[in-house]
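Student: Pasting final.cif here (mmCIF, C-alpha atoms):
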data_my_file
loop_
_atom_site.label_atom_id
_atom_site.label_comp_id
_atom_site.auth_asym_id
_atom_site.auth_seq_id
_atom_site.Cartn_x
_atom_site.Cartn_y
_atom_site.Cartn_z
CA MET A 1 68.68 66.80 -60.43
CA ALA A 2 71.35 68.09 -58.04
CA THR A 3 73.31 65.27 -56.41
CA ASN A 4 73.76 64.95 -52.66
CA SER A 5 71.48 67.86 -51.87
CA LEU A 6 68.83 68.29 -49.19
CA LEU A 7 66.25 70.99 -48.52
CA TRP A 8 64.96 71.49 -44.99
CA ILE A 9 61.56 73.19 -44.63
CA LEU A 10 60.82 74.94 -41.32
CA ASN A 11 58.12 77.59 -41.76
CA GLY A 12 56.28 77.33 -38.45
CA CYS A 13 58.06 80.18 -36.64
CA GLY A 14 56.16 83.03 -38.30
CA MET A 15 57.56 86.52 -37.77
CA GLU A 16 59.10 85.77 -34.38
CA ALA A 17 59.99 82.74 -32.31
CA GLY A 18 60.31 83.67 -28.67
CA SER A 19 59.64 80.05 -27.73
CA ILE A 20 62.21 77.52 -28.96
CA THR A 21 60.39 74.20 -29.25
CA GLY A 22 61.58 70.65 -29.78
CA GLY A 23 61.22 70.53 -33.57
CA PRO A 24 63.60 73.42 -34.35
CA VAL A 25 66.04 72.16 -31.71
CA ARG A 26 66.10 68.70 -33.26
CA PHE A 27 66.54 70.22 -36.72
CA HIS A 28 69.48 72.33 -35.58
CA GLU A 29 71.26 69.54 -33.74
CA ILE A 30 70.88 67.05 -36.59
CA SER A 31 71.55 69.48 -39.44
CA ARG A 32 74.72 70.96 -37.95
CA ARG A 33 76.20 67.49 -37.52
CA TRP A 34 75.28 66.51 -41.07
CA GLN A 35 76.71 69.81 -42.28
CA ALA A 36 80.01 69.01 -40.54
CA ARG A 37 80.27 65.74 -42.48
CA GLY A 38 80.60 67.73 -45.71
CA GLU A 39 78.92 64.98 -47.74
CA LEU A 40 75.62 66.71 -48.42
CA GLY A 41 74.63 70.15 -49.66
CA LEU A 42 72.10 71.51 -47.17
CA HIS A 43 69.69 74.43 -47.65
CA LEU A 44 66.89 75.75 -45.44
CA MET A 45 63.54 77.29 -46.31
CA THR A 46 62.20 79.26 -43.34
CA THR A 47 60.51 82.48 -42.24
CA ALA A 48 61.96 85.63 -40.69
CA GLY A 49 61.19 84.31 -37.21
CA GLY A 50 62.81 80.98 -37.98
CA ALA A 51 65.90 82.60 -39.48
CA GLY A 52 66.40 84.90 -36.49
CA MET A 53 65.95 82.12 -33.96
CA LEU A 54 68.23 79.68 -35.76
CA ARG A 55 70.99 82.23 -36.34
CA ARG A 56 70.96 82.93 -32.59
CA MET A 57 71.26 79.20 -32.00
CA GLY A 58 74.31 79.09 -34.27
CA CYS A 59 72.82 77.73 -37.50
CA THR A 60 75.02 78.61 -40.51
CA LEU A 61 73.05 76.92 -43.28
CA PRO A 62 72.19 78.98 -46.37
CA MET A 63 68.57 80.08 -46.09
CA THR A 64 65.75 81.09 -48.40
CA ARG A 65 63.13 83.13 -46.58
CA VAL A 66 59.41 82.68 -47.06
CA PRO A 67 57.11 85.63 -46.27
CA ALA A 68 55.06 85.23 -43.08
CA ALA A 69 53.22 88.57 -43.12
CA LEU A 70 51.80 91.07 -45.58
CA PHE A 71 52.84 94.28 -43.81
CA ALA A 72 53.60 93.62 -40.12
CA ASN A 73 57.12 93.06 -38.87
CA ARG A 74 56.04 91.33 -35.67
CA GLU A 75 53.16 89.28 -34.25
CA TRP A 76 50.80 91.34 -32.12
CA PHE A 77 48.38 88.61 -31.07
CA ARG A 78 48.24 84.82 -30.97
CA LEU A 79 45.93 84.31 -33.96
CA GLN A 80 48.48 86.10 -36.11
CA ARG A 81 50.68 82.99 -36.02
CA PHE A 82 47.98 80.96 -37.77
CA TRP A 83 47.64 83.77 -40.33
CA SER A 84 51.41 83.60 -40.86
CA TYR A 85 51.07 79.89 -41.68
CA CYS A 86 48.51 80.74 -44.36
CA ILE A 87 50.72 83.43 -45.88
CA SER A 88 53.81 81.20 -45.84
CA ALA A 89 51.92 78.31 -47.44
CA PHE A 90 50.63 80.58 -50.22
CA ALA A 91 53.99 82.33 -50.74
CA SER A 92 55.82 79.01 -50.98
CA ARG A 93 54.16 78.47 -54.37
CA PHE A 94 56.40 81.22 -55.71
CA VAL A 95 59.46 80.61 -53.53
CA VAL A 96 59.93 76.99 -54.66
CA ARG A 97 60.40 78.23 -58.22
CA ARG A 98 63.63 79.91 -57.11
CA LEU A 99 65.02 76.82 -55.43
CA PRO A 100 67.36 74.44 -57.25
CA PRO A 101 66.45 70.77 -57.64
CA VAL A 102 67.37 68.59 -54.66
CA ASN A 103 67.49 64.88 -53.91
CA THR A 104 65.62 65.07 -50.62
CA VAL A 105 63.20 67.35 -48.78
CA ILE A 106 62.72 67.05 -45.02
CA THR A 107 59.79 68.85 -43.41
CA VAL A 108 60.65 69.63 -39.80
CA SER A 109 56.99 69.66 -38.72
CA ASP A 110 53.57 68.56 -39.92
CA TYR A 111 52.30 72.16 -40.05
CA PHE A 112 50.60 72.81 -43.37
CA CYS A 113 53.02 75.68 -44.05
CA ASP A 114 55.75 72.99 -44.25
CA VAL A 115 53.66 70.34 -46.00
CA VAL A 116 52.47 72.61 -48.84
CA PRO A 117 55.97 73.51 -50.12
CA ALA A 118 57.06 69.87 -49.79
CA CYS A 119 54.17 68.81 -52.03
CA LEU A 120 55.11 71.57 -54.47
CA MET A 121 58.75 70.45 -54.54
CA ARG A 122 57.67 66.87 -55.22
CA ARG A 123 55.43 68.04 -58.06
CA ARG A 124 58.12 70.31 -59.53
CA HIS A 125 60.94 67.76 -59.14
CA PRO A 126 59.40 64.26 -59.35
CA GLY A 127 62.67 62.50 -58.48
CA CYS A 128 62.83 64.29 -55.14
CA ARG A 129 62.30 62.23 -51.99
CA TRP A 130 60.19 63.66 -49.12
CA ILE A 131 60.77 62.70 -45.48
CA ALA A 132 58.22 64.11 -43.02
CA TRP A 133 59.09 64.58 -39.35
CA ILE A 134 56.10 64.43 -37.00
CA HIS A 135 56.59 65.36 -33.35
CA HIS A 136 53.16 65.17 -31.76
CA ARG A 137 49.56 64.11 -32.13
CA GLU A 138 46.81 66.68 -31.83
CA LEU A 139 43.96 65.36 -29.71
CA PRO A 140 40.35 65.77 -30.87
CA PRO A 141 38.86 69.02 -29.49
CA SER A 142 36.60 67.15 -27.07
CA GLU A 143 39.62 65.48 -25.43
CA ARG A 144 41.86 68.52 -24.98
CA PRO A 145 41.45 71.37 -22.47
CA GLY A 146 41.61 74.97 -23.63
CA ASN A 147 39.88 77.02 -26.30
CA ARG A 148 37.57 74.69 -28.22
CA LEU A 149 37.83 76.68 -31.46
CA VAL A 150 41.64 76.80 -31.37
CA ASN A 151 41.78 73.09 -30.56
CA HIS A 152 39.45 72.31 -33.45
CA ILE A 153 41.57 74.33 -35.88
CA THR A 154 44.85 72.71 -34.80
CA TRP A 155 43.32 69.23 -34.97
CA ARG A 156 41.96 69.88 -38.46
CA MET A 157 45.31 71.32 -39.56
CA GLN A 158 47.14 68.17 -38.54
CA GLU A 159 44.52 65.89 -40.07
CA TRP A 160 44.91 67.73 -43.40
CA SER A 161 48.69 67.32 -43.19
CA LEU A 162 48.61 63.65 -42.20
CA ARG A 163 46.47 62.86 -45.25
CA ARG A 164 49.03 64.51 -47.55
CA ILE A 165 51.94 62.84 -45.78
CA ALA A 166 50.32 59.41 -46.02
CA ALA A 167 49.58 59.90 -49.72
CA ARG A 168 52.73 61.68 -50.91
CA ALA A 169 55.64 61.47 -48.50
CA ASP A 170 58.21 58.73 -49.07
CA ALA A 171 58.81 58.33 -45.35
CA ALA A 172 57.47 59.57 -42.04
CA TRP A 173 59.79 59.75 -39.03
CA LEU A 174 57.93 59.67 -35.71
CA TYR A 175 58.94 59.70 -32.07
CA ASP A 176 59.05 56.39 -30.24
CA THR A 177 56.34 57.57 -27.85
CA GLU A 178 52.64 57.05 -27.22
CA ALA A 179 51.91 60.09 -29.42
CA GLY A 180 54.12 58.55 -32.11
CA ASP A 181 52.11 55.33 -31.86
CA GLN A 182 48.90 57.31 -32.39
CA VAL A 183 50.35 59.05 -35.45
CA ARG A 184 51.54 55.70 -36.82
CA GLU A 185 48.05 54.22 -36.43
CA ARG A 186 46.52 57.19 -38.23
CA LEU A 187 49.01 57.05 -41.11
CA LEU A 188 48.44 53.31 -41.52
CA ALA A 189 44.68 53.90 -41.53
CA LEU A 190 45.22 56.50 -44.26
CA GLY A 191 47.02 53.93 -46.40
CA MET A 192 50.70 54.58 -45.71
CA ALA A 193 52.80 51.44 -45.98
CA PRO A 194 54.36 50.39 -42.64
CA GLU A 195 57.86 50.15 -44.15
CA ARG A 196 57.70 53.89 -44.85
CA ILE A 197 57.33 54.75 -41.17
CA ARG A 198 60.41 55.01 -38.95
CA THR A 199 60.89 55.94 -35.31
CA MET A 200 63.32 58.71 -34.34
CA ARG A 201 64.59 59.96 -31.01
CA CYS A 202 65.39 63.30 -29.42
CA GLY A 203 68.55 64.02 -27.52
CA ILE A 204 70.83 66.37 -25.63
CA ASN A 205 74.31 67.84 -26.00
CA LEU A 206 75.81 65.58 -23.39
CA ASP A 207 79.39 66.87 -23.60
CA ASP A 208 78.29 70.52 -23.44
CA ILE A 209 76.10 69.87 -20.41
CA ARG A 210 78.91 68.07 -18.63
CA ARG A 211 81.33 70.93 -19.36
CA ALA A 212 78.99 73.65 -18.11
CA PRO A 213 80.08 75.07 -14.73
CA ALA A 214 78.19 73.80 -11.72
CA GLY A 215 77.92 76.51 -9.08
CA GLU A 216 76.25 76.27 -5.72
CA PRO A 217 72.43 75.95 -5.89
CA ASP A 218 70.74 79.36 -5.78
CA ILE A 219 67.13 78.22 -6.30
CA ASP A 220 65.07 75.31 -5.02
CA ALA A 221 63.44 74.41 -8.34
CA VAL A 222 63.51 75.48 -11.97
CA MET A 223 60.78 75.17 -14.60
CA ILE A 224 61.88 75.24 -18.25
CA GLY A 225 59.24 76.35 -20.75
CA VAL A 226 56.17 78.15 -19.40
CA ARG A 227 53.14 77.53 -21.59
CA PRO A 228 49.60 76.25 -20.94
CA ASN A 229 50.32 72.71 -22.13
CA LYS A 230 53.57 72.68 -20.13
CA GLY A 231 51.71 73.23 -16.86
CA LEU A 232 51.52 77.02 -16.63
CA HIS A 233 48.19 76.82 -14.80
CA ASP A 234 49.60 74.37 -12.24
CA ILE A 235 52.33 76.71 -11.00
CA LEU A 236 50.30 78.75 -8.53
CA PRO A 237 48.28 75.84 -7.04
CA VAL A 238 51.45 73.81 -6.50
CA TRP A 239 53.38 76.72 -5.00
CA GLU A 240 50.49 77.72 -2.78
CA GLU A 241 50.39 74.22 -1.29
CA LEU A 242 54.18 74.09 -1.11
CA GLN A 243 54.29 77.32 0.92
CA ARG A 244 52.02 75.61 3.44
CA LEU A 245 54.27 72.54 3.58
CA ARG A 246 57.64 74.25 3.23
CA PRO A 247 57.48 78.06 3.52
CA GLY A 248 60.00 79.99 1.48
CA THR A 249 60.56 77.36 -1.24
CA THR A 250 61.68 79.17 -4.40
CA LEU A 251 61.11 78.64 -8.12
CA ARG A 252 62.77 80.03 -11.25
CA LEU A 253 60.76 80.18 -14.49
CA MET A 254 62.87 80.22 -17.66
CA GLY A 255 62.81 79.18 -21.30
CA GLY A 256 60.13 79.94 -23.86
CA MET A 257 56.95 81.48 -22.47
CA SER A 258 53.44 81.87 -23.84
CA GLY A 259 50.26 83.05 -22.15
CA GLU A 260 52.15 83.95 -18.99
CA GLY A 261 50.62 87.43 -18.54
CA PRO A 262 47.91 86.53 -15.97
CA LEU A 263 50.41 84.38 -14.07
CA LEU A 264 52.88 87.25 -13.73
CA GLN A 265 50.11 89.58 -12.60
CA GLU A 266 49.03 87.12 -9.91
CA ILE A 267 52.62 86.65 -8.71
CA ALA A 268 52.89 90.43 -8.31
CA ARG A 269 49.48 90.66 -6.62
CA ARG A 270 50.50 88.08 -4.04
CA GLY A 271 53.90 89.67 -3.51
CA TRP A 272 55.63 86.44 -4.51
CA GLN A 273 58.36 88.01 -6.62
CA LYS A 274 61.03 86.64 -4.26
CA LEU A 275 59.46 83.18 -4.27
CA ILE A 276 58.88 82.85 -8.02
CA GLU A 277 61.57 84.43 -10.16
CA VAL A 278 60.86 85.00 -13.86
CA PHE A 279 64.09 84.87 -15.85
CA LYS A 280 64.10 86.44 -19.31
CA PRO A 281 67.52 86.93 -20.94
CA PRO A 282 68.29 90.61 -21.64
CA GLN A 283 69.13 89.80 -25.27
CA GLY A 284 66.18 87.43 -25.67
CA PHE A 285 68.38 84.35 -25.98
CA LEU A 286 70.68 82.61 -23.49
CA PRO A 287 73.91 81.01 -24.78
CA GLN A 288 73.88 77.25 -24.30
CA ASP A 289 76.67 77.12 -21.72
CA GLU A 290 74.89 79.70 -19.56
CA TYR A 291 71.58 77.89 -20.01
CA TYR A 292 73.05 74.60 -18.80
CA ALA A 293 74.82 76.36 -15.92
CA MET A 294 71.49 77.84 -14.79
CA ILE A 295 69.89 74.40 -14.78
CA LYS A 296 72.74 73.11 -12.62
CA ARG A 297 72.12 75.85 -10.05
CA ALA A 298 68.68 74.40 -9.25
CA ARG A 299 68.13 71.68 -6.70
CA LEU A 300 65.19 70.17 -8.63
CA LEU A 301 63.45 70.38 -12.00
CA PHE A 302 59.75 71.21 -11.65
CA ALA A 303 58.13 69.65 -14.76
CA PRO A 304 54.31 69.92 -14.58
CA SER A 305 53.71 69.35 -18.32
CA HIS A 306 50.30 68.03 -19.33
CA GLU A 307 51.46 67.19 -22.88
CA GLU A 308 54.90 66.25 -24.18
CA GLY A 309 56.33 65.16 -27.49
CA TRP A 310 59.54 63.98 -25.86
CA GLY A 311 60.47 66.06 -22.84
CA MET A 312 63.86 67.47 -23.81
CA ALA A 313 64.12 69.66 -20.70
CA VAL A 314 63.78 66.54 -18.56
CA ALA A 315 66.73 64.90 -20.33
CA GLU A 316 68.83 68.08 -19.99
CA ALA A 317 68.12 68.30 -16.27
CA MET A 318 68.97 64.63 -15.77
CA ALA A 319 72.26 65.06 -17.65
CA ALA A 320 72.99 68.11 -15.48
CA GLY A 321 72.54 66.03 -12.33
CA VAL A 322 69.30 67.74 -11.30
CA PRO A 323 66.57 65.41 -9.95
CA VAL A 324 63.28 65.64 -11.83
CA VAL A 325 59.75 65.79 -10.42
CA ALA A 326 57.06 65.40 -13.09
CA TYR A 327 53.58 64.16 -13.73
CA ASP A 328 53.46 60.45 -14.54
CA LEU A 329 52.93 60.95 -18.28
CA PRO A 330 53.19 57.82 -20.46
CA VAL A 331 55.82 59.52 -22.63
CA TYR A 332 58.05 60.10 -19.59
CA ARG A 333 57.67 56.52 -18.41
CA ARG A 334 58.51 55.19 -21.86
CA ILE A 335 61.65 57.29 -22.26
CA TYR A 336 62.92 57.83 -18.72
CA GLY A 337 61.60 54.79 -16.87
CA ALA A 338 61.85 55.21 -13.10
CA ALA A 339 64.57 57.89 -13.25
CA PHE A 340 62.22 60.68 -12.10
CA GLU A 341 59.86 61.28 -9.19
CA ALA A 342 56.46 60.53 -10.71
CA VAL A 343 53.37 62.37 -9.48
CA PRO A 344 49.77 61.25 -10.19
CA CYS A 345 48.70 63.19 -13.26
CA PHE A 346 47.51 66.73 -12.62
CA ASP A 347 47.27 66.33 -8.82
CA THR A 348 48.81 69.60 -7.64
CA ARG A 349 48.72 68.70 -3.94
CA HIS A 350 50.69 65.51 -4.55
CA PHE A 351 53.09 67.50 -6.71
CA ALA A 352 53.80 69.92 -3.87
CA ALA A 353 54.32 67.03 -1.47
CA ALA A 354 56.75 65.34 -3.88
CA LEU A 355 58.81 68.51 -4.23
CA GLN A 356 58.92 68.97 -0.47
CA SER A 357 59.94 65.34 0.04
CA LEU A 358 62.94 65.54 -2.28
CA LEU A 359 64.05 68.94 -1.02
CA ASP A 360 64.05 67.66 2.57
CA ASP A 361 65.59 64.24 1.84
CA PRO A 362 69.03 64.70 0.22
CA ALA A 363 69.73 60.95 0.11
CA ARG A 364 66.54 60.27 -1.85
CA ALA A 365 67.23 63.20 -4.17
CA ALA A 366 70.71 61.78 -4.79
CA ARG A 367 69.22 58.45 -5.88
CA PHE A 368 67.08 60.19 -8.49
CA ARG A 369 70.07 62.29 -9.56
CA ASP A 370 72.18 59.17 -10.17
CA ALA A 371 69.35 57.38 -11.99
CA GLY A 372 68.83 60.43 -14.19
CA LEU A 373 72.51 60.65 -15.08
CA ARG A 374 72.48 57.02 -16.22
CA GLN A 375 69.29 57.48 -18.23
CA ALA A 376 70.47 60.64 -19.99
CA ALA A 377 73.79 59.10 -21.04
CA ALA A 378 72.04 57.19 -23.85
CA LEU A 379 70.49 60.31 -25.41
CA ASP A 380 73.49 62.12 -26.90
CA TRP A 381 72.82 64.05 -30.13
CA ASN A 382 76.01 62.70 -31.71
CA THR A 383 74.64 59.17 -31.51
CA LEU A 384 71.18 60.15 -32.73
CA ALA A 385 72.53 62.14 -35.69
CA GLU A 386 74.40 59.00 -36.78
CA GLU A 387 71.22 56.96 -36.49
CA ASP A 388 69.36 59.45 -38.68
CA TRP A 389 72.23 59.61 -41.18
CA GLU A 390 72.20 55.84 -41.57
CA ALA A 391 68.45 55.93 -42.15
CA LEU A 392 68.86 58.72 -44.72
CA THR A 393 71.67 57.07 -46.69
CA SER A 394 70.87 53.38 -46.27
CA PRO A 395 70.55 51.47 -49.56
CA HIS A 396 67.30 50.11 -48.12
CA THR A 397 65.84 53.61 -47.73
CA VAL A 398 62.63 53.94 -49.73
CA LEU A 399 62.74 55.47 -53.19
CA PRO A 400 60.44 58.29 -54.25
CA GLN A 401 56.95 56.84 -54.45
CA HIS A 402 56.42 57.45 -58.14
CA LEU A 403 59.32 55.06 -58.87
CA VAL A 404 57.86 52.15 -56.92
CA GLN A 405 54.08 52.44 -57.15
CA HIS A 406 51.32 53.86 -59.28
CA GLN A 407 50.18 57.40 -58.64
CA ARG A 408 47.27 57.74 -56.30
CA PRO A 409 44.25 59.74 -57.42
CA GLY A 410 44.82 63.43 -56.91
CA HIS A 411 48.61 63.06 -56.66
CA ALA A 412 49.27 65.85 -59.15
CA GLY A 413 48.10 68.72 -56.95
CA ILE A 414 47.59 69.92 -53.43
CA GLN A 415 44.02 69.26 -52.40
#
Could you spell out this file's structure in C-alpha cells?

Tutor:
Amino acid sequence: MATNSLLWILNGCGMEAGSITGGPVRFHEISRRWQARGELGLHLMTTAGGAGMLRRMGCTLPMTRVPAALFANREWFRLQRFWSYCISAFASRFVVRRLPPVNTVITVSDYFCDVVPACLMRRRHPGCRWIAWIHHRELPPSERPGNRLVNHITWRMQEWSLRRIAARADAAWLYDTEAGDQVRERLLALGMAPERIRTMRCGINLDDIRRAPAGEPDIDAVMIGVRPNKGLHDILPVWEELQRLRPGTTLRLMGGMSGEGPLLQEIARRGWQKLIEVFKPPQGFLPQDEYYAMIKRARLLFAPSHEEGWGMAVAEAMAAGVPVVAYDLPVYRRIYGAAFEAVPCFDTRHFAAALQSLLDDPARAARFRDAGLRQAAALDWNTLAEEDWEALTSPHTVLPQHLVQHQRPGHAGIQ
C-alpha cells in the first residue's frame, strides 16, 4: 500500500465541460491547496472533458484518463452525456488495474461513473479508504419540473449511488444545507452510521476577488450560469416586467450555459440584443481575474435559481461588493442569512420589482453590499481547505470499514 497517497475520481465531465459546476470547482480549490502542502501524493482519474476543463483552470495534478466515448470526440446532444457516464463506468474496470495502490479515494460526485471505480478500488485494495462527496439531492420525478423521463433517470442514478455509498464508503461529506440534510436522512435510512457523515462547505477565493480591478459599472445586472435549474426560463418574464417598470435596464449573461438556444432566439426576435448581452469568452474560458472584474462591473447580481447546492456565484458577487437579488431559497437563507434581497420563490413580477427597487435606491443597495461583504468574508477557500485537511488527517477519522465491522452482504462486488 502506497503511503500518503490519494486518488481523486471526477468522471462526470464526459467529452467536454462547457459548464463549470460547483463540484469540479470545489475539487480544484481544495486539491491545489493540499498539493501545495507537499505532504500527500495526489492523482486524478478523469475524462477528456474533465482534463481539458481542469487544465484551463490551472490544475497540475497527474491525471489518468478514462474513456467517455467509443468513437466521438465531442458531445452532439444532451443524452450523450449519460452515455458517456456508462462508458466511463465500464472502462474504469480496466483503468483501475493500471493505478497504483493508494491510502484514500475521494469521489468528487455521487454520479455512478465516479462511484463504480471507487468500489473497484476498494475491492482491489482493501486497505483503501473511500470518502464520498455529495453536493445535491435529486428530487423524485413527481416533485421536479422538466422532462419526466430525464428526472426519473437522474433520481434513479443517485439512489443507486447512495445505496453503494451507504454500504461501502468510509465517510460521506455533505453540504450543510437543506439538500445535505435530505441526503443525510437517506444515508441513515440506508444504514450508514452517523459518525461516518460529515458536513463540508463551499467557498471563494477571497484574496483574488479583492485584488481584481473594479471599473465603473457597465451593466445593470449580471447572471452567472444560465441553465434551466438556474432560472433560465425566468429571464424573459422578469426582463419583460422590468422594461415596463424601468425601461432600458440591461443584463449580462455569463458563465456556463445549457439549453439556452430558444432563449437566444427569443432575444433576437424581440430585438433585445442591447438589453440582454450574452457573454461567451472567445477562448471558451475566462481567466479568474477577468471573471471577477466582470462581476464587479455589474450593479447587481440577478440570481433566479430554482435549485442550488450552495450558490457559489452568490458568494463571489457578495465578496466583489455586488448586491444580490435572489429567490428566497432555503439554502440561501441558511448560508447567507439576510445579506441578499429575497424574492418570493418563482414570482417573476416581484423579482422585477426587487431589481428596480435596488437599482433606483443606492442607499438600500449599499446596505446589501455591506452585508454581503461581511457574509462572504467567512467563506475563504484557504480556511475551508484547512477544515477538510483536518478531517482527512485527524486520528479520529474513520478507518476503512472492513477493519472495524463485518462485511455486509454483497460487499465483494458492484451490484

Student: Residues near region 149-157 of chain A, anyone? I mean within 8 Å using only C-alpha atoms, not counting same-chain ones fewer than 6 positions away, as a ChimeraX atom specification.

Tutor: /A:111-112,138-141

Student: Fewer than 5 positions away in the same chain doesn't count, so skip those; otherwise give me all residues within 9 Å of Glu316 (chain A), counting all atoms listed in the file, as number ranges by chain.

Tutor: A: 203-206, 209, 292, 295, 321-322, 376

Student: Generate a file of the selected residues that holds C-alpha atoms, formatted as a compact mmCIF listing (two decimals), in the coordinates of the input.

Tutor:
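See selection.txt below for the written result:
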# COMPACT_ATOMS: atom_id res chain seq x y z
CA GLY A 203 68.55 64.02 -27.52
CA ILE A 204 70.83 66.37 -25.63
CA ASN A 205 74.31 67.84 -26.00
CA LEU A 206 75.81 65.58 -23.39
CA ILE A 209 76.10 69.87 -20.41
CA TYR A 292 73.05 74.60 -18.80
CA ILE A 295 69.89 74.40 -14.78
CA GLY A 321 72.54 66.03 -12.33
CA VAL A 322 69.30 67.74 -11.30
CA ALA A 376 70.47 60.64 -19.99

Student: Just want the 7 Å neighbourhood of region 120-137 of chain A, counted on all atoms listed in the file, with same-chain residues fewer than 6 positions away dropped. Output as a list of chain:residue names.

Tutor: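 Counting all atoms listed in the file, the residues come to A:Gly23, A:Arg93, A:Val96, A:Pro101, A:Val102, A:Asn103, A:Thr104, A:Val105, A:Ile106, A:Thr107, A:Val108, A:Ser109, A:Asp110, A:Ile165, A:Ala169, A:Asp170, A:Ala171, A:Ala172, A:Trp173, A:Leu174, A:Tyr175, A:Ala179, A:Gly180, A:Gln182, A:Val183, A:Gly309, A:Leu399, A:Pro400, A:Ala412.
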
Student: Using only C-alpha atoms, find the one residue out of A:Gly215, A:Gly49, A:Gly225, A:Pro304 that sits nearest to Arg81 (chain A).

Tutor: A:Gly49

Student: I'd like to see the residues matched by the PyMOL selection byres ((chain A and resi 220) around 12) on this file, and ideally I'd get them as number ranges by chain.

Tutor: A: 216-219, 221-223, 239, 242, 246-253, 275-277, 294-302, 322-324, 355-356, 358-360

Student: Nearest to Leu245 (chain A): which of A:Ala354, A:Pro62, A:Ser31, A:Ala69 is it, counting all atoms listed in the file?

Tutor: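 The closest residue to Leu245 (chain A) is A:Ala354.
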
Student: Could you check which residues have any atom within 7 Å of (66.8, 60.2, -9.9), counting all atoms listed in the file with coordinates taken straight from the file, and then list them as a PyMOL selection string?

Tutor: chain A and resi 323-324+339-340+365-372

Student: Using all atoms listed in the file for the distances, tell me which of A:Glu240, A:Asp328, A:Glu159, A:Glu387 is nearest to Cys202 (chain A).

Tutor: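 Answer, going by the shortest atom-to-atom distance: A:Glu387.
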
Student: Expand the PyMOL selection byres ((chain A and resi 336) around 9) into the individual residues it matches in the shown file, reporting them as a ChimeraX atom specification.

Tutor: /A:314-315,331-335,337-340,372,375-376

Student: Emit the selected residues as a PDB file, in the frame of the given file, including C-alpha atoms.

Tutor:
ATOM      1  CA  VAL A 314      63.780  66.540 -18.560  1.00  0.00           C
ATOM      2  CA  ALA A 315      66.730  64.900 -20.330  1.00  0.00           C
ATOM      3  CA  VAL A 331      55.820  59.520 -22.630  1.00  0.00           C
ATOM      4  CA  TYR A 332      58.050  60.100 -19.590  1.00  0.00           C
ATOM      5  CA  ARG A 333      57.670  56.520 -18.410  1.00  0.00           C
ATOM      6  CA  ARG A 334      58.510  55.190 -21.860  1.00  0.00           C
ATOM      7  CA  ILE A 335      61.650  57.290 -22.260  1.00  0.00           C
ATOM      8  CA  GLY A 337      61.600  54.790 -16.870  1.00  0.00           C
ATOM      9  CA  ALA A 338      61.850  55.210 -13.100  1.00  0.00           C
ATOM     10  CA  ALA A 339      64.570  57.890 -13.250  1.00  0.00           C
ATOM     11  CA  PHE A 340      62.220  60.680 -12.100  1.00  0.00           C
ATOM     12  CA  GLY A 372      68.830  60.430 -14.190  1.00  0.00           C
ATOM     13  CA  GLN A 375      69.290  57.480 -18.230  1.00  0.00           C
ATOM     14  CA  ALA A 376      70.470  60.640 -19.990  1.00  0.00           C
TER      15      ALA A 376
END

Student: Determine the nearest neighbour of Glu390 (chain A) from the options A:Glu29, A:Leu10, A:Trp34, A:Ala313, counting only C-alpha atoms.

Tutor: A:Trp34

Student: Could you please determine the separation between CA of Asp208 (chain A) and CA of Arg37 (chain A) in Å, to one decimal place?

Tutor: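 Separation of CA of Asp208 (chain A) and CA of Arg37 (chain A): 19.7 Å.
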
Student: Selection in question (the file shown): the PyMOL selection byres ((chain A and resi 285) around 9). Which residues does it include, as a VMD selection string?

Tutor: chain A and resid 18 53 56 to 57 255 280 to 284 286 to 287

Student: Using only C-alpha atoms, which residue out of A:Phe82, A:Phe90, A:Arg349, A:Ala118 lies closest to Ile9 (chain A)?

Tutor: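 When distances to Ile9 (chain A) are compared using only C-alpha atoms, the smallest one comes from A:Ala118.
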
Student: List every protein, DNA or RNA residue with an atom no more than 10 Å from (72.6, 68.5, -46.7) in the file's coordinates, counting all atoms listed in the file, and format the result as a list of chain:residue names.

Tutor: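 Using all atoms listed in the file, the matching residues come out as A:Asn4, A:Ser5, A:Leu6, A:Leu7, A:Trp8, A:Ser31, A:Arg32, A:Arg33, A:Trp34, A:Gln35, A:Ala36, A:Arg37, A:Gly38, A:Glu39, A:Leu40, A:Gly41, A:Leu42, A:His43, A:Leu44, A:Leu61, A:Val102, A:Asn103, A:Thr104, A:Val105.
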
Student: What are the centre and edge lengths in Å, to one decimal, of the axis-aligned box around all listed atoms of region 191-205 of chain A with 8 Å added on each side, as JSON?

Tutor:
{"center_x": 60.7, "center_y": 59.0, "center_z": -36.0, "size_x": 43.3, "size_y": 33.7, "size_z": 36.8}

Student: Which residue out of A:Pro262, A:Gly311, A:Pro194, A:Gly22 has the minimum interatomic distance to Leu236 (chain A) when all atoms listed in the file are used?

Tutor: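 Among the listed residues, the smallest separation from Leu236 (chain A) belongs to A:Pro262.
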
Student: To one decimal place in Å, what is the distance between CA of Gln158 (chain A) and CA of Met192 (chain A)?

Tutor: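 Atom-to-atom, CA of Gln158 (chain A) to CA of Met192 (chain A), that is 15.8 Å.
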